[in-house]
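Below is one structure, written out as structure tokens; the observations come after it.
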Amino acid sequence: MKKPTILIIRMGNTYRDLSKDIGNFDQWIKEAAPELPLKWKTQKIDHVIPEEIDKYQGIILTGAHNTLTEHYPFMKGMERILQKIIDNRIMTLGICFGHQILNLLLGGKVVRNPLGPEIGVTKINLTLAGMGHPLFKGLNIAKLEVYESHYDIVSSVADSVIALAWNEMSEYQVCVYEGFIYGTQFHPEYSKKIMEFYIRKNYDNLKNEHFRNPLNISTPEEILKRNKNISKSRLILDNFLYLIIRKNPL
């Protein structure tokens, strides 16, 4: 049997100077994943043909710098892509913006977080459903440090969506729909270097957000000090890929 093929749908691009240095979202995902028997393909969202989605055994939707409080031309196409994913029960993971757009199209809501942006190393808490879920296999903890970089959040989800993790900034840090569509508000593909770049790029915004809401937003200096190498959140990406392999054995 052929190796499972994963389609990475690039929902947007990282900063140009960072991309020139270490690549774009899709490259970080592939580099964060272990050496597994998988094939990879990357397409921009506006290049994806919905009718060809059933060729893939797994889908990953990347982050983006866009906000879903606005409308985009690709939304109609994304609706068709999601329907194909559901019809074929294709294992799918949405990261940050990808997490938000999946929940939005499933019937949830996405808003600008009234508490402010969440950027840097933060902690999330697993729900009871999360603690026993294979997505968190091998972690054996109730709290997990992750890399966050977002201004919007999923504020509500469809009845069929289950929250697997939360924190004080967002009730839906990790979600699952019907056991095959997953979303993480954080970035399991980030590294310390990538996180530091995002903190510095948003330095002035973070400073303003701290003065606006000092109880929820730390100073950018404090956020930089907390930045460090964390590896356990990447295990979530690994576990998702293992779920695909187990569903499609060689």
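Following the order of the structure tokens, chains are lettered A, B, ..., residues in each are numbered from 1, and ligands are numbered from 1.
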
Please produce, as JSON lines, a per-residue contact table for region 38-74 of chain A versus region 11-16 of chain A (criterion: any atom at most 6 Å away, only C-alpha atoms considered), showing the nearest atom pair and its distance in Å to one decimal, sorted by chain then residue number.
{"residue": "A:Ile45", "atom": "CA", "partner": "A:Met11", "partner_atom": "CA", "distance": 5.4}
{"residue": "A:Thr62", "atom": "CA", "partner": "A:Met11", "partner_atom": "CA", "distance": 5.5}
{"residue": "A:Ala64", "atom": "CA", "partner": "A:Gly12", "partner_atom": "CA", "distance": 4.3}

>> Using only C-alpha atoms, which protein or nucleic acid residues come within 12 Å of Ala32 (chain A)? Drop anything in the same chain fewer than 3 positions from it, and give the result as a list in words.
In response: Phe25, Asp26, Gln27, Trp28, Ile29, Glu35, Leu36, His187, Pro188, Glu189, Tyr190, Ser191, Ile230, Ser231, Lys232, Ser233, Arg234, Leu235, Ile236, Leu237, Asp238, Asn239 and Leu241 of chain A

> Smallest atom-to-atom distance to Asn113 (chain A): which of A:Ser155, A:Ser149, A:Thr127, A:Thr184, using only C-alpha atoms?
Replying inline: A:Ser155

> Within 9 Å of Leu68 (chain A), counting only C-alpha atoms, which residues qualify if same-chain residues fewer than 5 places away don't, as a list in words?
Replying inline: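 My reading of the contact set: Phe97, Gln100, Ile101, Leu104, Val110, Val111, Arg112 and Asp152 of chain A.
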
> Could you write out, as a VMD selection string, all the residues of region 38-240 of chain A that DSSP marks as strand (DSSP E or B)?
Replying inline: chain A and resid 39 to 44 58 to 61 91 to 95 109 to 112 118 to 126 143 to 150 152 to 156 161 to 167 170 to 177 181 to 184

> Got a sec: who's within 12 Å of Lys225 (chain A), counting only C-alpha atoms, leaving out chain neighbours fewer than 5 positions off, as a list in words?
Replying inline: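 My list of contacting residues is Gly120, Val121, Lys192, Met195, Glu196, Ile199, Arg200, Ser218, Thr219 and Pro220 of chain A.
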
> For Ile90 (chain A), which residue out of A:Leu38, A:Ile59, A:Val161, A:Ala129 is the nearest one, using only C-alpha atoms?
Replying inline: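 Smallest distance to Ile90 (chain A) is found for A:Ile59.
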
>> Need to verify the contact set: Glu52 (chain A), 10 Å, only C-alpha atoms, exclusion of same-chain residues closer than 4 positions in sequence. Can you return it as a list in words?
In response: Val48, Tyr56, Ile81 and Lys84 of chain A

Write the residues of the selection above to a file with N, CA and C atoms, as a PDB file, in the first residue's frame.
ATOM      1  N   VAL A  48      -6.273  25.195  -4.313  1.00  0.00           N
ATOM      2  CA  VAL A  48      -6.807  23.864  -3.996  1.00  0.00           C
ATOM      3  C   VAL A  48      -8.084  23.608  -4.794  1.00  0.00           C
ATOM      4  N   TYR A  56      -6.360  12.607  -0.740  1.00  0.00           N
ATOM      5  CA  TYR A  56      -5.432  12.703   0.379  1.00  0.00           C
ATOM      6  C   TYR A  56      -5.951  11.962   1.608  1.00  0.00           C
ATOM      7  N   ILE A  81     -14.350  22.458   0.282  1.00  0.00           N
ATOM      8  CA  ILE A  81     -13.266  21.615   0.782  1.00  0.00           C
ATOM      9  C   ILE A  81     -13.683  20.911   2.064  1.00  0.00           C
ATOM     10  N   LYS A  84     -16.071  18.083   1.480  1.00  0.00           N
ATOM     11  CA  LYS A  84     -15.374  16.900   0.971  1.00  0.00           C
ATOM     12  C   LYS A  84     -14.651  16.169   2.105  1.00  0.00           C
TER      13      LYS A  84
END

>> Applying 12 Å and only C-alpha atoms, which residues near Ile162 (chain A) remain after dropping the ones on its own chain fewer than 4 positions away? List them as a PyMOL selection string.
In response: chain A and resi 103+108+126-130+133+156-158+166+171-183

> So which residues of region 101-234 of chain A fall under helix (DSSP H, G or I) by DSSP, listed as a VMD selection string?
Replying inline: chain A and resid 101 to 106 128 to 131 134 to 136 192 to 201 203 to 212 220 to 226 234

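Atom to atom, CA of Trp40 (chain A) and CA of Tyr242 (chain A) stand 14.4 Å apart.
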
> With distances taken over only C-alpha atoms, which of A:His65, A:Lys109, A:His210, A:Lys3 is nearest to Ile153 (chain A)?
Replying inline: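 Of A:His65, A:Lys109, A:His210, A:Lys3, the one nearest Ile153 (chain A), counting only C-alpha atoms, is A:Lys109.
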
> Rounded to one decimal in Å, what is the spacing between CA of Leu61 (chain A) and CA of Leu82 (chain A)?
Replying inline: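 Between these atoms lies a distance of 11.0 Å.
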
> Expressed in Å to a single decimal, how great is the separation between CA of Gly98 (chain A) and CA of Gly63 (chain A)?
Replying inline: 5.6 Å

>> Can you pull out the residues contacting Leu243 (chain A)? Cut-off 9 Å, using only C-alpha atoms, and skip same-chain residues under 4 positions away; I want them as number ranges by chain.
In response: A: 91, 134-135, 238-239, 247-248

> For Asn88 (chain A), which of A:Ile53, A:Leu105, A:Leu18, A:Leu115 is the closest residue, counting only C-alpha atoms?
Replying inline: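 Counting only C-alpha atoms, the residue closest to Asn88 (chain A) is A:Ile53.
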